[in-house]
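First comes the structure, then the notes that go with it.
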Number of protein chains: 2
Amino acid sequence: MSLMMKEILEQPAALSRTFEAERPHFHRFRTFAAKRNFRLIVLVARGTSDNAALFGRYLLELTTGIPVSLCAPSIHTIYHAPLRLQDALVVGISQSGEGDDVNFVLRAARQQGAYTVGITNEARSAMARTVHEVFLARAGRQHSVAATKTYTTQLLLLYMLASALGSQVTLQEVSEIPARANVALGLAGGIQELVERYRYMRQCVVVARGLNYANAFELALKLMETCYVVAERFSSADFLHGPIAMIERDFPVLIFMPAGKSFKELKNLVVRLTKLRAETLVIAPESLRPPGATRSIGMPGKIPELFSPIPYIIPGQLFAASLAEVKDLDADKPRSLQIVTHTV
Amino acid sequence: MSLMMKEILEQPAALSRTFEAERPHFHRFRTFAAKRNFRLIVLVARGTSDNAALFGRYLLELTTGIPVSLCAPSIHTIYHAPLRLQDALVVGISQSGEGDDVNFVLRAARQQGAYTVGITNEARSAMARTVHEVFLARAGRQHSVAATKTYTTQLLLLYMLASALGSQVTLQEVSEIPARANVALGLAGGIQELVERYRYMRQCVVVARGLNYANAFELALKLMETCYVVAERFSSADFLHGPIAMIERDFPVLIFMPAGKSFKELKNLVVRLTKLRAETLVIAPESLRPPGATRSIGMPGKIPELFSPIPYIIPGQLFAASLAEVKDLDADKPRSLQIVTHTV
């Protein structure tokens with residue numbers, strides 16, 4: 001079994017451990033945040049952690065009403081431009097905590113008066129020394145180059161942050177996430193059979209909307225890193241503003257479509273893609289599989305849309321890890337990559 | 001000649017017209033903005049206009065110090081979540097001004113206390129009726145499905161907005177943009193010869209950094225819409241965090257590399273890609289063409305990085321329009337698309 005697959009399977013335990021260990025911390029942070037009255041949240045990250053940030057953007061705006069900006073690191077690292085961040089909460093996200101560019105932004109933001117926090121898996125990292133406060137993921141050391149358990153524990157900590165900054169996410173609901181992740185892992189066998197079909201897939205598009213938009217980025221990144229598939233990622237709305245012109249007979253489109261407010265639009269997209277004779281693979285509730293889809297992965301149980309991103313990325317991770325195996329690629333040794341990437 | 005090519009060639013005139021007509025407007029807006037003291041700028045758009053917004057994000061943060069957030073429309077249109085936008089300037093960008101989702105966000109933002117402006121090509125559009133104030137692009141009616149002249153006039157208006165909100169962009173500098181665009185159009189003949197090489201290109205990656213990052217999105221979008229090339233787009237830093245694993249011998253990577261603060265990093269990327277035996281096509285200053293690149297488009301003259309995005313996208317537009325022709329595709333009739341796309 002690849003290290004990647006092993007770490008995918010560790011996720012329920014990693015999520016539970018992180019939740020239990022950080023719960024008291026967020027109780028304290030809730031009191032602190034109420035006093036500070038943040039008017040802006042800035043999220044800064046790279047790679048998989050940046051996909052977690054993209055999720056955080058939707059979650060935090062939706063549940064706290066505070067506007068969120070996804071940081072463009074080059075503003076700080078290349079152009080050295082000062083931003084007015086006095087009332088901002090700046091959240092760095094990094095598995096290793098050693099990304100020089102992310103830490104550079106956190107230092108700059110701190111100098112500009114922002115309150116800085118770090119979401120990282122490493123308590124002794126440079127990030128932990130840089131920020132005012134660390135929310136520590138307890139995913140256990142990441143040995144796989146392709147991040148999986150660190151992505152979902154970062155998402156979990158963002159839920160906990162949302163619970164501290166607003167009233168729409170409760171810690172009780174967050175506590176149910178590890179069990180939901182465990183149920184999703186039950187899909188592993190079916191996905192291992194399904195991926196045979198995609199042995200020769202060289203390019204694809206991954207589509208989602210809203211809360212699961214980040215999952216489209218994350219699945220595409222896993223497919224690029226571990227399967228060398230040229231995987232584009234779009235929101236269903238952006239996809240219709242141009243890129244859909246690429247789609248012809250047989251073109252594979254992978255779609256996250258949990259039950260909820262984004263479902264209808266994605267269902268309409270499947271209908272349109274079916275008319276174009278594209279190949280669609282949907283990850284949808286077992287009870288709501290859209291009739292036109294070429295293939296589907298049925299998610300068991302009832303999952304509220306707000307809590308769908310962690311369980312829904314799991315079949316995506318399983319798909320990428322299994323597909324790498326079927327393509328006879330070593331998911332643990334992607335060419336050209338290391339675990340910690342240094343960029344400016 | 002395709003409508004697309006015709007509109008590409010109209011750009012210097014469209015830019016001049018827009019600059020002259022809107023100049024007094026921005027003088028007034030400067031006084032108004034100084035009183036309002038905006039603490040946040042939110043940009044909202046779709047498709048090509050969203051690529052203009054991505055440019056605006058870098059330009060406005062760099063030159064005004066005001067944090068910028070690129071709006072996620074679904075927060076408003078699908079989830080109906082209220083955001084705290086009392087001190088925000090919310091800028092909608094739309095060629096037609098008829099995008100229901102963008103206008104929905106502008107209405108919601110206005111209700112939440114934001115000051116709203118619209119950058120549009122159509123004075124009688126729904127957007128013009130929705131916002132407090134319109135900055136009108138005078139690109140002339142867009143007949144091509146693939147947007148070109150509306151993209152660059154939107155960029156021009158964003159420069160004018162930056163000049164009103166900060167002190168780092170002067171209207172004198174903005175007034176020089178149409179002439180720079182005109183010089184770039186001189187590349188048309190050379191590009192028409194160059195594209196033969198890419199007749200069978202089915203997929204590629206487009207890379208840029210900072211101020212030209214939006215151009216990577218825009219060139220990729222033109223390639224997807226008019227040439228049906230699966231074109232991924234990345235910042236050079238994000239590219240190194242995973243996607244570079246896709247790159248093997250012959251894989252085409254198109255790179256915007258103007259002179260300036262982002263040049264060195266992109267030059268290093270070309271070296272790395274050359275070692276991987278990828279095919280690189282760089283758009284770089286004539287005087288600074290990186291030695292390893294497989295092919296290059298040399299930009300004449302000295303262009304400051306801050307003012308490089310408009311002249312640099314022009315060879316990109318010419319490349320896409322010429323490549324569509326060489327691929328025997330009708331750039332004016334991309335399959336599955338119309339000029340105005342309705343999404344939520």
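If you're wondering about the labels, chains in the structure tokens are A, B, ... by order shown, residues count from 1 in each chain, ligands from 1 in order shown.
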* To do: Name the residues in contact with Leu288 (chain A) at a cut-off of 12 Å, using only C-alpha atoms, excluding same-chain residues fewer than 6 positions from it; report them as a PyMOL selection string.
  => chain A and resi 257-260+263-264+267+282+296-302
Include N, CA, C and O atoms and write out the residues we just selected as a PDB file, in the first residue's frame.
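Resulting contents of selection_31.pdb:
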```pdb
ATOM      1  N   MET A 257     -21.110  16.817  -6.422  1.00  0.00           N
ATOM      2  CA  MET A 257     -22.463  17.386  -6.300  1.00  0.00           C
ATOM      3  C   MET A 257     -23.204  16.872  -5.073  1.00  0.00           C
ATOM      4  O   MET A 257     -24.125  16.058  -5.179  1.00  0.00           O
ATOM      5  N   PRO A 258     -22.837  17.409  -3.906  1.00  0.00           N
ATOM      6  CA  PRO A 258     -23.537  17.037  -2.673  1.00  0.00           C
ATOM      7  C   PRO A 258     -24.966  17.575  -2.698  1.00  0.00           C
ATOM      8  O   PRO A 258     -25.264  18.492  -3.468  1.00  0.00           O
ATOM      9  N   ALA A 259     -25.827  17.008  -1.880  1.00  0.00           N
ATOM     10  CA  ALA A 259     -27.166  17.565  -1.708  1.00  0.00           C
ATOM     11  C   ALA A 259     -27.041  18.969  -1.141  1.00  0.00           C
ATOM     12  O   ALA A 259     -26.094  19.271  -0.420  1.00  0.00           O
ATOM     13  N   GLY A 260     -27.981  19.841  -1.513  1.00  0.00           N
ATOM     14  CA  GLY A 260     -27.954  21.194  -0.956  1.00  0.00           C
ATOM     15  C   GLY A 260     -28.195  22.240  -2.015  1.00  0.00           C
ATOM     16  O   GLY A 260     -28.686  21.944  -3.107  1.00  0.00           O
ATOM     17  N   PHE A 263     -26.875  21.856  -5.675  1.00  0.00           N
ATOM     18  CA  PHE A 263     -27.160  20.599  -6.388  1.00  0.00           C
ATOM     19  C   PHE A 263     -27.849  20.811  -7.737  1.00  0.00           C
ATOM     20  O   PHE A 263     -27.454  20.233  -8.749  1.00  0.00           O
ATOM     21  N   LYS A 264     -28.866  21.669  -7.740  1.00  0.00           N
ATOM     22  CA  LYS A 264     -29.690  21.824  -8.943  1.00  0.00           C
ATOM     23  C   LYS A 264     -28.853  22.304 -10.127  1.00  0.00           C
ATOM     24  O   LYS A 264     -28.970  21.788 -11.249  1.00  0.00           O
ATOM     25  N   LYS A 267     -26.725  19.560 -11.416  1.00  0.00           N
ATOM     26  CA  LYS A 267     -27.555  18.587 -12.119  1.00  0.00           C
ATOM     27  C   LYS A 267     -27.831  19.074 -13.548  1.00  0.00           C
ATOM     28  O   LYS A 267     -27.747  18.306 -14.510  1.00  0.00           O
ATOM     29  N   VAL A 282     -19.755  11.563 -11.435  1.00  0.00           N
ATOM     30  CA  VAL A 282     -20.242  12.434 -10.365  1.00  0.00           C
ATOM     31  C   VAL A 282     -20.035  11.779  -9.007  1.00  0.00           C
ATOM     32  O   VAL A 282     -20.147  10.561  -8.864  1.00  0.00           O
ATOM     33  N   SER A 296     -21.061   7.063 -11.445  1.00  0.00           N
ATOM     34  CA  SER A 296     -21.219   7.853 -10.225  1.00  0.00           C
ATOM     35  C   SER A 296     -20.644   7.130  -9.024  1.00  0.00           C
ATOM     36  O   SER A 296     -20.557   5.902  -9.005  1.00  0.00           O
ATOM     37  N   ILE A 297     -20.217   7.922  -8.068  1.00  0.00           N
ATOM     38  CA  ILE A 297     -19.797   7.400  -6.766  1.00  0.00           C
ATOM     39  C   ILE A 297     -20.864   7.871  -5.788  1.00  0.00           C
ATOM     40  O   ILE A 297     -21.078   9.084  -5.633  1.00  0.00           O
ATOM     41  N   GLY A 298     -21.568   6.938  -5.187  1.00  0.00           N
ATOM     42  CA  GLY A 298     -22.701   7.284  -4.318  1.00  0.00           C
ATOM     43  C   GLY A 298     -22.271   7.435  -2.873  1.00  0.00           C
ATOM     44  O   GLY A 298     -21.777   6.491  -2.265  1.00  0.00           O
ATOM     45  N   MET A 299     -22.473   8.638  -2.333  1.00  0.00           N
ATOM     46  CA  MET A 299     -22.108   8.882  -0.932  1.00  0.00           C
ATOM     47  C   MET A 299     -23.241   8.397  -0.047  1.00  0.00           C
ATOM     48  O   MET A 299     -24.381   8.848  -0.191  1.00  0.00           O
ATOM     49  N   PRO A 300     -22.948   7.497   0.887  1.00  0.00           N
ATOM     50  CA  PRO A 300     -24.011   6.991   1.761  1.00  0.00           C
ATOM     51  C   PRO A 300     -24.420   8.010   2.823  1.00  0.00           C
ATOM     52  O   PRO A 300     -23.648   8.899   3.164  1.00  0.00           O
ATOM     53  N   GLY A 301     -25.643   7.883   3.315  1.00  0.00           N
ATOM     54  CA  GLY A 301     -26.106   8.706   4.444  1.00  0.00           C
ATOM     55  C   GLY A 301     -26.529  10.098   4.022  1.00  0.00           C
ATOM     56  O   GLY A 301     -26.449  10.480   2.866  1.00  0.00           O
ATOM     57  N   LYS A 302     -27.018  10.850   5.005  1.00  0.00           N
ATOM     58  CA  LYS A 302     -27.458  12.231   4.764  1.00  0.00           C
ATOM     59  C   LYS A 302     -26.378  13.168   5.294  1.00  0.00           C
ATOM     60  O   LYS A 302     -26.109  13.187   6.493  1.00  0.00           O
TER      61      LYS A 302
END
```
Set out as a tab-separated table a contact list for chain B and chain A with a cut-off of 6 Å, giving each residue of chain B that qualifies its closest atom pair and distance in Å to one decimal, counting only C-alpha atoms, ordered by chain and rising residue number.
```
residue	atom	partner	partner_atom	distance
B:Gly47	CA	A:His241	CA	5.1
B:Leu62	CA	A:Ala81	CA	5.6
B:Gly65	CA	A:Leu83	CA	4.4
B:Ile66	CA	A:Arg84	CA	5.8
B:Ser69	CA	A:Ser69	CA	4.5
B:Ser74	CA	A:Gly210	CA	6.0
B:Ala81	CA	A:Leu62	CA	5.6
B:Pro82	CA	A:Gly65	CA	5.9
B:Leu83	CA	A:Gly65	CA	4.3
B:Arg84	CA	A:Gly65	CA	5.8
B:Gly210	CA	A:Ser74	CA	5.9
B:Met224	CA	A:Pro243	CA	5.5
B:Glu225	CA	A:Gly242	CA	5.3
B:Tyr228	CA	A:Met246	CA	4.5
B:Ala237	CA	A:Thr343	CA	5.6
B:His241	CA	A:Gly47	CA	5.1
B:Gly242	CA	A:Glu225	CA	5.3
B:Pro243	CA	A:Met224	CA	5.5
B:Ala245	CA	A:Arg335	CA	5.3
B:Met246	CA	A:Tyr228	CA	4.5
B:Arg335	CA	A:Ala245	CA	5.3
B:Ser336	CA	A:Ala245	CA	5.5
B:Thr343	CA	A:Ala237	CA	5.6
```
Export, as a short mmCIF file (atom, residue, chain, number, x, y, z; two decimals), in the first residue's frame, the selected residues with N, CA and C atoms.
```
data_model
loop_
_atom_site.label_atom_id
_atom_site.label_comp_id
_atom_site.auth_asym_id
_atom_site.auth_seq_id
_atom_site.Cartn_x
_atom_site.Cartn_y
_atom_site.Cartn_z
N GLY B 47 -15.83 35.16 -16.19
CA GLY B 47 -15.19 34.97 -17.49
C GLY B 47 -14.01 35.91 -17.68
N LEU B 62 -1.27 46.68 -4.76
CA LEU B 62 0.10 47.19 -4.90
C LEU B 62 0.18 48.70 -4.81
N GLY B 65 -2.64 50.10 -1.29
CA GLY B 65 -2.52 49.58 0.07
C GLY B 65 -3.84 49.10 0.66
N ILE B 66 -4.92 49.24 -0.09
CA ILE B 66 -6.22 48.77 0.40
C ILE B 66 -6.35 47.28 0.08
N SER B 69 -10.52 41.85 -2.15
CA SER B 69 -11.08 40.49 -2.16
C SER B 69 -11.76 40.25 -3.50
N SER B 74 -21.25 32.96 -5.44
CA SER B 74 -22.23 32.02 -4.87
C SER B 74 -22.57 32.35 -3.43
N ALA B 81 -25.90 34.70 1.84
CA ALA B 81 -25.30 35.08 3.12
C ALA B 81 -24.96 36.57 3.10
N PRO B 82 -25.35 37.31 4.13
CA PRO B 82 -24.98 38.73 4.18
C PRO B 82 -23.53 38.90 4.62
N LEU B 83 -22.82 39.82 3.97
CA LEU B 83 -21.44 40.14 4.36
C LEU B 83 -21.38 41.56 4.91
N ARG B 84 -20.44 41.79 5.83
CA ARG B 84 -20.27 43.14 6.38
C ARG B 84 -19.42 43.97 5.42
N GLY B 210 2.40 37.62 -10.43
CA GLY B 210 2.08 38.98 -9.98
C GLY B 210 1.17 39.71 -10.94
N MET B 224 -8.70 27.98 -24.65
CA MET B 224 -9.78 27.01 -24.42
C MET B 224 -10.98 27.33 -25.30
N GLU B 225 -11.35 28.61 -25.37
CA GLU B 225 -12.56 29.02 -26.09
C GLU B 225 -12.43 28.90 -27.60
N TYR B 228 -9.81 25.22 -28.43
CA TYR B 228 -10.14 23.97 -27.75
C TYR B 228 -8.91 23.27 -27.19
N ALA B 237 4.78 30.18 -8.73
CA ALA B 237 4.93 29.56 -7.41
C ALA B 237 3.95 28.40 -7.24
N HIS B 241 4.26 23.94 -6.73
CA HIS B 241 3.66 23.19 -5.61
C HIS B 241 2.77 22.06 -6.12
N GLY B 242 3.25 21.25 -7.05
CA GLY B 242 2.47 20.08 -7.47
C GLY B 242 2.37 19.93 -8.97
N PRO B 243 1.72 20.90 -9.66
CA PRO B 243 1.43 20.70 -11.08
C PRO B 243 2.66 20.44 -11.95
N ALA B 245 4.72 18.35 -11.73
CA ALA B 245 4.88 16.90 -11.91
C ALA B 245 4.32 16.42 -13.25
N MET B 246 3.36 17.15 -13.82
CA MET B 246 2.77 16.77 -15.12
C MET B 246 3.76 16.92 -16.27
N ARG B 335 -17.86 26.55 -30.23
CA ARG B 335 -19.00 25.68 -29.93
C ARG B 335 -19.45 25.90 -28.48
N SER B 336 -20.71 25.74 -28.22
CA SER B 336 -21.33 25.81 -26.88
C SER B 336 -21.38 27.20 -26.25
N THR B 343 -25.42 32.80 -15.68
CA THR B 343 -25.12 31.82 -14.63
C THR B 343 -25.60 32.37 -13.30
#
```
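In terms of minimum interatomic distance to Pro12 (chain A), A:Pro178 ranks closest within A:Gly190, A:Pro178, A:Pro252, A:Pro311, counting only C-alpha atoms.
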* To do: Fewer than 2 positions away in the same chain doesn't count, so skip those; otherwise give me all residues within 7 Å of Thr294 (chain A), counting only C-alpha atoms, as a count of residues only.
  => 5
* Within 7 Å of Ala126 (chain A), counting only C-alpha atoms, which residues qualify if same-chain residues fewer than 2 places away don't, as a ChimeraX atom specification? -> /A:97-98,124,128-130
Store the residues of this selection in a file with N, CA and C atoms, as a PDB file, in the first residue's frame.
```
ATOM      1  N   GLY A  97       4.709  24.119   7.908  1.00  0.00           N
ATOM      2  CA  GLY A  97       5.015  25.380   8.583  1.00  0.00           C
ATOM      3  C   GLY A  97       6.327  25.984   8.134  1.00  0.00           C
ATOM      4  N   GLU A  98       6.900  25.468   7.061  1.00  0.00           N
ATOM      5  CA  GLU A  98       8.225  25.924   6.624  1.00  0.00           C
ATOM      6  C   GLU A  98       8.200  26.668   5.287  1.00  0.00           C
ATOM      7  N   ARG A 124       6.822  22.860  16.035  1.00  0.00           N
ATOM      8  CA  ARG A 124       8.136  23.501  16.150  1.00  0.00           C
ATOM      9  C   ARG A 124       8.582  24.167  14.850  1.00  0.00           C
ATOM     10  N   ALA A 128       5.118  28.426  13.408  1.00  0.00           N
ATOM     11  CA  ALA A 128       4.698  28.468  14.806  1.00  0.00           C
ATOM     12  C   ALA A 128       5.433  29.578  15.567  1.00  0.00           C
ATOM     13  N   ARG A 129       6.682  29.841  15.165  1.00  0.00           N
ATOM     14  CA  ARG A 129       7.445  30.913  15.828  1.00  0.00           C
ATOM     15  C   ARG A 129       7.061  32.303  15.299  1.00  0.00           C
ATOM     16  N   THR A 130       6.405  32.341  14.158  1.00  0.00           N
ATOM     17  CA  THR A 130       6.122  33.626  13.497  1.00  0.00           C
ATOM     18  C   THR A 130       4.809  34.253  13.956  1.00  0.00           C
TER      19      THR A 130
END
```
* Asked: Pick the closest to Ala179 (chain B) from B:Ala293, B:Leu3, B:Ala14, B:Ala284: which is it, counting only C-alpha atoms?
  ->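 Under the stated criterion, the closest residue is B:Ala14.
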What's around Thr152 (chain A) at 6 Å? Count only C-alpha atoms, leave out sequence neighbours fewer than 3 positions away in its own chain, and write the answer as a short mmCIF file (atom, residue, chain, number, x, y, z; two decimals) with all heavy atoms, in the first residue's frame.
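Output file out_10.cif follows:
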```
data_model
loop_
_atom_site.label_atom_id
_atom_site.label_comp_id
_atom_site.auth_asym_id
_atom_site.auth_seq_id
_atom_site.Cartn_x
_atom_site.Cartn_y
_atom_site.Cartn_z
N LYS A 149 -4.22 13.73 4.59
CA LYS A 149 -4.70 13.89 5.96
C LYS A 149 -4.44 15.31 6.49
O LYS A 149 -5.17 15.79 7.36
CB LYS A 149 -4.06 12.84 6.88
CG LYS A 149 -2.54 12.94 7.00
CD LYS A 149 -1.99 11.85 7.93
CE LYS A 149 -0.47 11.97 8.04
NZ LYS A 149 0.10 11.04 9.02
N LEU A 155 -9.03 21.60 7.08
CA LEU A 155 -10.45 21.94 6.93
C LEU A 155 -11.16 21.89 8.28
O LEU A 155 -11.95 22.77 8.62
CB LEU A 155 -11.13 20.97 5.95
CG LEU A 155 -11.28 21.45 4.50
CD1 LEU A 155 -9.95 21.86 3.90
CD2 LEU A 155 -11.96 20.41 3.61
N ILE A 310 -15.35 17.60 3.71
CA ILE A 310 -14.41 16.57 4.18
C ILE A 310 -14.84 15.18 3.69
O ILE A 310 -14.04 14.50 3.04
CB ILE A 310 -14.19 16.64 5.71
CG1 ILE A 310 -13.40 17.92 6.04
CG2 ILE A 310 -13.47 15.40 6.23
CD1 ILE A 310 -13.14 18.15 7.52
#
```
* Asked: Looking at only C-alpha atoms, which of B:Asn182, B:Thr170, B:Glu7, B:Glu325 is the one that sits closest to Arg141 (chain B)?
  ->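 When distances to Arg141 (chain B) are compared using only C-alpha atoms, the smallest one comes from B:Glu7.
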* Using backbone DSSP assignments, extract all alpha helix (DSSP H) residues from region 9-137 of chain A; output them as a PyMOL selection string. => chain A and resi 9+11-36+47-64+74-77+100-111+126-130
* Best match for closeness to Leu158 (chain B) among B:Ser322, B:Gln142, B:Thr120, B:Thr31, counting only C-alpha atoms ->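 Answer, going by the shortest atom-to-atom distance: B:Thr120.
Minimum distance to Asn37 (chain A) across A:Ser16, A:Ser2, A:Ser125, A:Gln86 (counting only C-alpha atoms) occurs at A:Gln86.
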* Quick one: DSSP strand (DSSP E) residues in region 161-291 of chain B, as a PyMOL selection string? -> chain B and resi 203-208+230-235+252-256+279-285
* **Near-region 109-119 of chain A list (6 Å; only C-alpha atoms; drop same-chain fewer than 3 positions) as a list in words** =>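 Counting only the stated atoms, we get Leu85, Gln86, Ala88, Leu89, Val90, Val91, Gly92, Ile93, Val105, Leu106, Val131, His132, Glu133, Val134, Phe135 and Leu136 of chain A.
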Which residues come within 7 Å of region 312-317 of chain A, counting only C-alpha atoms, excluding same-chain residues fewer than 2 positions away, as a compact mmCIF listing (two decimals) with all heavy atoms, in the first residue's frame?
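Saved file around00.txt follows:
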```txt
# COMPACT_ATOMS: atom_id res chain seq x y z
N ALA A 184 -17.08 7.49 4.56
CA ALA A 184 -16.63 7.72 3.19
C ALA A 184 -15.51 6.75 2.79
O ALA A 184 -15.40 6.34 1.63
CB ALA A 184 -16.17 9.16 3.01
N LEU A 185 -14.68 6.36 3.76
CA LEU A 185 -13.60 5.41 3.46
C LEU A 185 -14.13 4.05 3.02
O LEU A 185 -13.42 3.29 2.35
CB LEU A 185 -12.68 5.25 4.68
CG LEU A 185 -11.73 6.42 4.94
CD1 LEU A 185 -10.99 6.22 6.25
CD2 LEU A 185 -10.74 6.60 3.79
N LEU A 187 -15.92 3.53 0.71
CA LEU A 187 -16.03 3.54 -0.75
C LEU A 187 -14.78 3.00 -1.44
O LEU A 187 -14.77 2.81 -2.67
CB LEU A 187 -16.28 4.98 -1.24
CG LEU A 187 -17.60 5.63 -0.78
CD1 LEU A 187 -17.53 7.15 -0.95
CD2 LEU A 187 -18.78 5.06 -1.57
N ASN A 215 -12.62 21.54 -3.25
CA ASN A 215 -12.39 20.12 -3.52
C ASN A 215 -12.08 19.87 -4.99
O ASN A 215 -11.33 18.95 -5.32
CB ASN A 215 -13.60 19.29 -3.09
CG ASN A 215 -13.59 18.98 -1.59
OD1 ASN A 215 -12.57 19.18 -0.92
ND2 ASN A 215 -14.71 18.51 -1.08
N LEU A 219 -8.84 17.80 -5.84
CA LEU A 219 -8.82 16.57 -6.63
C LEU A 219 -7.96 16.77 -7.89
O LEU A 219 -7.15 15.91 -8.25
CB LEU A 219 -10.25 16.13 -7.00
CG LEU A 219 -10.36 14.95 -7.97
CD1 LEU A 219 -9.52 13.74 -7.52
CD2 LEU A 219 -11.82 14.54 -8.16
N SER A 308 -20.23 18.79 3.96
CA SER A 308 -19.91 17.82 2.91
C SER A 308 -18.45 17.83 2.44
O SER A 308 -17.95 16.80 1.99
CB SER A 308 -20.84 18.05 1.70
OG SER A 308 -20.65 19.33 1.15
N PRO A 309 -17.72 18.95 2.53
CA PRO A 309 -16.38 18.96 1.91
C PRO A 309 -15.42 17.87 2.40
O PRO A 309 -14.72 17.27 1.59
CB PRO A 309 -15.87 20.37 2.21
CG PRO A 309 -17.13 21.20 2.16
CD PRO A 309 -18.15 20.33 2.88
N ILE A 310 -15.35 17.60 3.71
CA ILE A 310 -14.41 16.57 4.18
C ILE A 310 -14.84 15.18 3.69
O ILE A 310 -14.04 14.50 3.04
CB ILE A 310 -14.19 16.64 5.71
CG1 ILE A 310 -13.40 17.92 6.04
CG2 ILE A 310 -13.47 15.40 6.23
CD1 ILE A 310 -13.14 18.15 7.52
N PHE A 319 -9.72 7.98 -5.39
CA PHE A 319 -9.69 7.89 -6.84
C PHE A 319 -8.28 8.15 -7.36
O PHE A 319 -7.74 7.39 -8.17
CB PHE A 319 -10.69 8.89 -7.43
CG PHE A 319 -10.83 8.82 -8.93
CD1 PHE A 319 -11.73 7.95 -9.52
CD2 PHE A 319 -10.06 9.63 -9.76
CE1 PHE A 319 -11.87 7.87 -10.91
CE2 PHE A 319 -10.18 9.56 -11.15
CZ PHE A 319 -11.09 8.68 -11.72
N ALA A 320 -7.67 9.23 -6.89
CA ALA A 320 -6.32 9.59 -7.37
C ALA A 320 -5.30 8.53 -6.97
O ALA A 320 -4.47 8.10 -7.79
CB ALA A 320 -5.92 10.96 -6.83
N ALA A 321 -5.35 8.09 -5.72
CA ALA A 321 -4.37 7.10 -5.25
C ALA A 321 -4.53 5.78 -6.00
O ALA A 321 -3.54 5.14 -6.39
CB ALA A 321 -4.53 6.88 -3.74
```
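Here CA of Met160 (chain B) and CA of Phe26 (chain B) stand 6.7 Å from one another.
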